Amino acid sequence: MTAASPPPDYADVAERQRLEAQRDGREDWRLWGPYLAERAWGTVREDYSADGEAWDYFSHDQSRSRAYRWNEDGLGGICDAEQYLCFALALWNGRDPILKERAFGLTGNEGNRGEDVKEVYHYLDATPSHSWLRYQYKYPQSAFPYERLVQENASRGREQPGFDLIDSGAFDDDQYWKLDVRYAKAAPDLIHCRITAQNLAQDPAALYILPTLWFRNTWGWGDADTVRPSLSAIDAPEGAAFAVRAEHPSLGTYYLYGAVPCDLLFTENDTNLERIWGDANPSPYVKDAFHRYLIQGEADAVNPAQQGTKCAAVRQVQLDGGESAQLDLVLSAEPLTQPFADTERTIATRQSEATVFYDHLLPEAGANDTRILRQALAGMIWTKQFYHYDVDRWLDGDQIPPPPGRRHIRNQHWRHFKARDIISMPDKWEYPWFAAWDLAYHCAALALVDVDFAKAQVELMVSDRYLHPNGQLPAYEWNFGDVNPPVHAMAALKVFRAERIQRGEGDHGFLQRVFHKLLLNFAWWINRKDADGHNLFEGGFLGLDNISVYDRSRELPPGWSLKQADATGWMAHFSLKMTLIALELCIVDGDYEEIAIQCYKQFLAIAEAIAGSEETGTPSLWDDQAGFFMDLLQTPDEGTHRIEVYSWVGLIPLFAVEIVNSRMLEAAPRFHALLNQLRGGFFHGHPVCACPEHENERGERLLALADHSMLARILTRLLDEDQFLSRYGVRSLSRIHEADGNLGYIPGIGEALIEYVPGESTSPMFGGNSNWRGPIWLPTNYSLIASLERFHRFLGDDFRVPVPCLGGEKRNLKEIATLIAERLADIYRVDAEGVVPALRNHLPSSPDPSWRDQLRFYEYFHAETGQGLGAAHQTGWSGLLANLVMRRYQKDIQGWSGIDRGTKAGLIDEIA
């Protein structure tokens, strides 16, 4: 926006008005969205085996012929919020052995980089109401190299890079199709879809385009009251070349219209029993009919009566090099007499409104940062997924009695768990299931554009359908009982503050509901993960995968225990977040002051344990000689052994820092008096933490685990490019372990080795792409930046520390946080060589120039080059780049509530 053309008022932005209509219940813009998974095969939900090998039980090869049990998948698809009716793209280039209906990738046991999608697609744009969605898929014109991808990766060791579709030469000389799919809603239940196919090659080529409409198979569950839905061809109205009616007993009736002539094919979304099990099919029309019809030439595979539960409109195009073809469709809950009369206007309007919406967030940003923000948030929106999992029903095997081995299968203690919701996923191929701590970070990014959805995600995890009766949060579907870092209170406070900034008032009812449930989770951690009752915690691997010298989820020999600096740091962080939530609630209800005091005393008890306790004989987790926090191994004879590793394990205690503002202190006089009584971090007669008794110039108090001297010593290591600091952020393991990672013999563990690996893992400890031994991870970097900014808020500009990477020049903590944040954002900025570091080695040799600008957000990043690694679409927590980019422009953010940010009523600035 220019000075001559000021942005519209925040409330006048069209997309914002849709979100407010959703919030008020006037219009359900979330009725339809990008809720279709990229992969439904190989998931725990579809696994009914005795051994729990989910990847093997339901393979990609079976997926075209075998009806799914719990949810559906497709290319660039949408569906309704209950996933009754689905729409997606299918393709055939005339050379592939199978119809391209879903993304292909390696299973967890295939290749050196298992659990990896081997396709190229991009989420280019999206609005949070789903009024505008744009997806792009790049499809080779040569035969898709399915077998080669498997064989090449199987032949490579972990020390070699994975072999991807780009490496196969599939895109050389631009020999591919670019499929652009755009959805524009004219109303919540009236959706225009435009599919554009462009031949990027120089020579003519043919392509079959099959937009597909189908019903999720719910009739196969065997419920007596289930009615089979139906799709049928009907007469097309004026301006349409074909029409299909979709009738569902719960969703109602919908109509699909096509603007150009297509061959309509119909079948049933039922398993091909003959192909999968060798049994006779009760009907000749089964799920893989379109594949058999087109590729195998079986004319009788499709229903000549043009009805069923799965339908495709087949359009064959023959295009010269550079030429494009367009296919317009409309999906409507009402019959239309002229379905395409408003298509051009609707698509143009929604695209323009999306631009206004995002420009309003960053009106002064350049092209680099605008692209990062918009595509990061597009990825966050596109990776919403319908998630259905009834553990009780799944364990019992539905209609078929389960094999005996399933009596001891995963999740057997989670029979209460019943999910049928739209959830933000890490991504929808490698991780088409929620992960509790990932989701907490997702909410920080989602709150930038849709705080109501972010709030709903926070509440979902603590609902009675998810939260275990004992108070444990479900971790992820491979093992709900595993332990993720306790960051849900952080998410709750984050979205509460985001709404307060955006709307001028926080939702205390939301915060109250979540807080009550989190008290159960808080008690679970205290009672279950502190074996000795000494306030030192043992959370297992805590999402850090193989950053440790051994698998911390594995039990140690009897009498041995590991006191984890990260688990204990996370619990100190959890305690402070609970304290702050209680103090926020105390402003409107003084009865919360008592629980604020209780949570703070729990924090002090943890701080005392970390500082060391003479009463229990436990030394401090703080190694004063090293100036770092470290794990402590306790032996049966009450001896101890320090695990001398420099990693995120020792940085996470810095996350335990909060600011108590003047409003809170005024509303909680007993809490205020307690801070004065404890004389700045004294507990049981000795100092245990950095909670100084003085207030800063704004009347605020600091609550922190590490004091200013400890912080300075940690930063000496953190800001040293030979240790933690990379050109692209903070490494997950110090580079000092590159030269000497041999820790020798550790009692109770054995020979221990910790090796700095800046890229892909060389350890099979957690399989797949798991690696915390060196690369850059966004969530922990993000939390570190937020923590440094809180320290700066209290300590001010005068607190400065030498920065080794700047030749020892002193900088304040805000400047240090900015230094780290800018390096992280640079992963996706075009550098001086014209390269986006994250996309390094992910571009073909002769690319369409737009490849560089079409971003994919990876799971983690090579610490020396910035190259994206791991899951190729994990916008989930890498979507936090949107927050970091916004952080740079905070002074320019327009409108919202108009609050004088960071000063009015002592409000803490929590946008990023």
# chains A, B, ... in the order shown; residues from 1 in each chain; ligands from 1
>>> residues_around(residues="region 388-396 of chain A", least_positions_apart="2", cutoff="8 Å", atoms="only C-alpha atoms", output="PyMOL selection string")
chain A and resi 45+48+70-71+386+398+401-402+406-407+411-412+414-421
>>> residues_around(residues="Asn742 (chain A)", least_positions_apart="5", cutoff="8 Å", atoms="only C-alpha atoms", output="VMD selection string")
chain A and resid 752 to 755
>>> write_last_selection(atoms="N, CA and C atoms", output="PDB file, in the first residue's frame")
ATOM      1  N   ALA A 752      28.969 -43.913  24.977  1.00  0.00           N
ATOM      2  CA  ALA A 752      28.074 -42.855  24.511  1.00  0.00           C
ATOM      3  C   ALA A 752      28.781 -41.979  23.481  1.00  0.00           C
ATOM      4  N   LEU A 753      28.043 -41.689  22.412  1.00  0.00           N
ATOM      5  CA  LEU A 753      28.561 -40.845  21.345  1.00  0.00           C
ATOM      6  C   LEU A 753      27.491 -39.845  20.960  1.00  0.00           C
ATOM      7  N   ILE A 754      27.857 -38.583  20.876  1.00  0.00           N
ATOM      8  CA  ILE A 754      26.938 -37.553  20.393  1.00  0.00           C
ATOM      9  C   ILE A 754      27.668 -36.796  19.285  1.00  0.00           C
ATOM     10  N   GLU A 755      27.195 -36.917  18.072  1.00  0.00           N
ATOM     11  CA  GLU A 755      27.896 -36.357  16.924  1.00  0.00           C
ATOM     12  C   GLU A 755      27.078 -35.230  16.299  1.00  0.00           C
TER      13      GLU A 755
END
>>> residues_around(residues="Arg228 (chain A)", least_positions_apart="4", cutoff="8 Å", atoms="only C-alpha atoms", output="PDB file with N, CA and C atoms, in the first residue's frame")
ATOM      1  N   THR A 218     -18.843 -44.335   4.456  1.00  0.00           N
ATOM      2  CA  THR A 218     -19.366 -44.506   5.816  1.00  0.00           C
ATOM      3  C   THR A 218     -20.361 -45.649   5.882  1.00  0.00           C
ATOM      4  N   TRP A 219     -20.857 -46.088   4.728  1.00  0.00           N
ATOM      5  CA  TRP A 219     -21.819 -47.187   4.695  1.00  0.00           C
ATOM      6  C   TRP A 219     -21.156 -48.541   4.958  1.00  0.00           C
ATOM      7  N   HIS A 248     -26.873 -36.833  -0.040  1.00  0.00           N
ATOM      8  CA  HIS A 248     -26.351 -37.455   1.174  1.00  0.00           C
ATOM      9  C   HIS A 248     -27.361 -37.264   2.302  1.00  0.00           C
TER      10      HIS A 248
END
>>> residues_around(residues="Tyr592 (chain A)", least_positions_apart="5", cutoff="8 Å", atoms="only C-alpha atoms", output="ChimeraX atom specification")
/A:582-583,585-586
>>> residues_around(residues="Glu738 (chain A)", least_positions_apart="4", cutoff="12 Å", atoms="only C-alpha atoms", output="list in words")
Val645, Tyr646, Asp722, Gln723, Phe724, Leu733, Ser734, Asn742, Leu753, Ile754, Glu755, Tyr756, Val757, Pro758, Arg773 and Gly774 of chain A
>>> select_by_dssp(residues="region 677-879 of chain A", states="helix (DSSP H, G or I)", output="PyMOL selection string")
chain A and resi 677+708-718+736-739+778-795+804-806+813-825+837-839+849-853+875-878
>>> residues_around(residues="region 345-358 of chain A", least_positions_apart="3", cutoff="10 Å", atoms="only C-alpha atoms", output="number ranges by chain")
A: 1, 7-8, 10, 13-16, 125-128, 130-134, 182-187, 191-194, 340-342, 361-363, 370-371, 373-374, 377, 449
>>> closest_residue(among="A:Val150, A:Ala454, A:Ala325, A:Ala289", to="Ser168 (chain A)", atoms="only C-alpha atoms")
A:Val150
>>> closest_residue(among="A:Pro619, A:Pro844, A:Pro426, A:Gly612", to="His442 (chain A)", atoms="only C-alpha atoms")
A:Pro426
>>> select_by_dssp(residues="region 708-791 of chain A", states="strand (DSSP E)", output="VMD selection string")
chain A and resid 725 to 726 729 to 730 742 to 746 750 to 753
>>> write_last_selection(atoms="C-alpha atoms", output="PDB file, in the first residue's frame")
ATOM      1  CA  LEU A 725      24.907 -19.918  16.108  1.00  0.00           C
ATOM      2  CA  SER A 726      24.613 -20.729  12.421  1.00  0.00           C
ATOM      3  CA  GLY A 729      19.694 -19.664  13.291  1.00  0.00           C
ATOM      4  CA  VAL A 730      20.551 -21.642  16.403  1.00  0.00           C
ATOM      5  CA  ASN A 742      32.824 -39.330  22.201  1.00  0.00           C
ATOM      6  CA  LEU A 743      31.564 -39.102  25.776  1.00  0.00           C
ATOM      7  CA  GLY A 744      33.163 -42.397  26.779  1.00  0.00           C
ATOM      8  CA  TYR A 745      31.531 -44.908  29.071  1.00  0.00           C
ATOM      9  CA  ILE A 746      28.545 -43.604  31.034  1.00  0.00           C
ATOM     10  CA  GLY A 750      27.280 -47.640  28.206  1.00  0.00           C
ATOM     11  CA  GLU A 751      29.536 -46.180  25.539  1.00  0.00           C
ATOM     12  CA  ALA A 752      28.074 -42.855  24.511  1.00  0.00           C
ATOM     13  CA  LEU A 753      28.561 -40.845  21.345  1.00  0.00           C
TER      14      LEU A 753
END
>>> closest_residue(among="A:Arg856, A:Lys384, A:His488, A:His573", to="Ala656 (chain A)", atoms="only C-alpha atoms")
A:His573
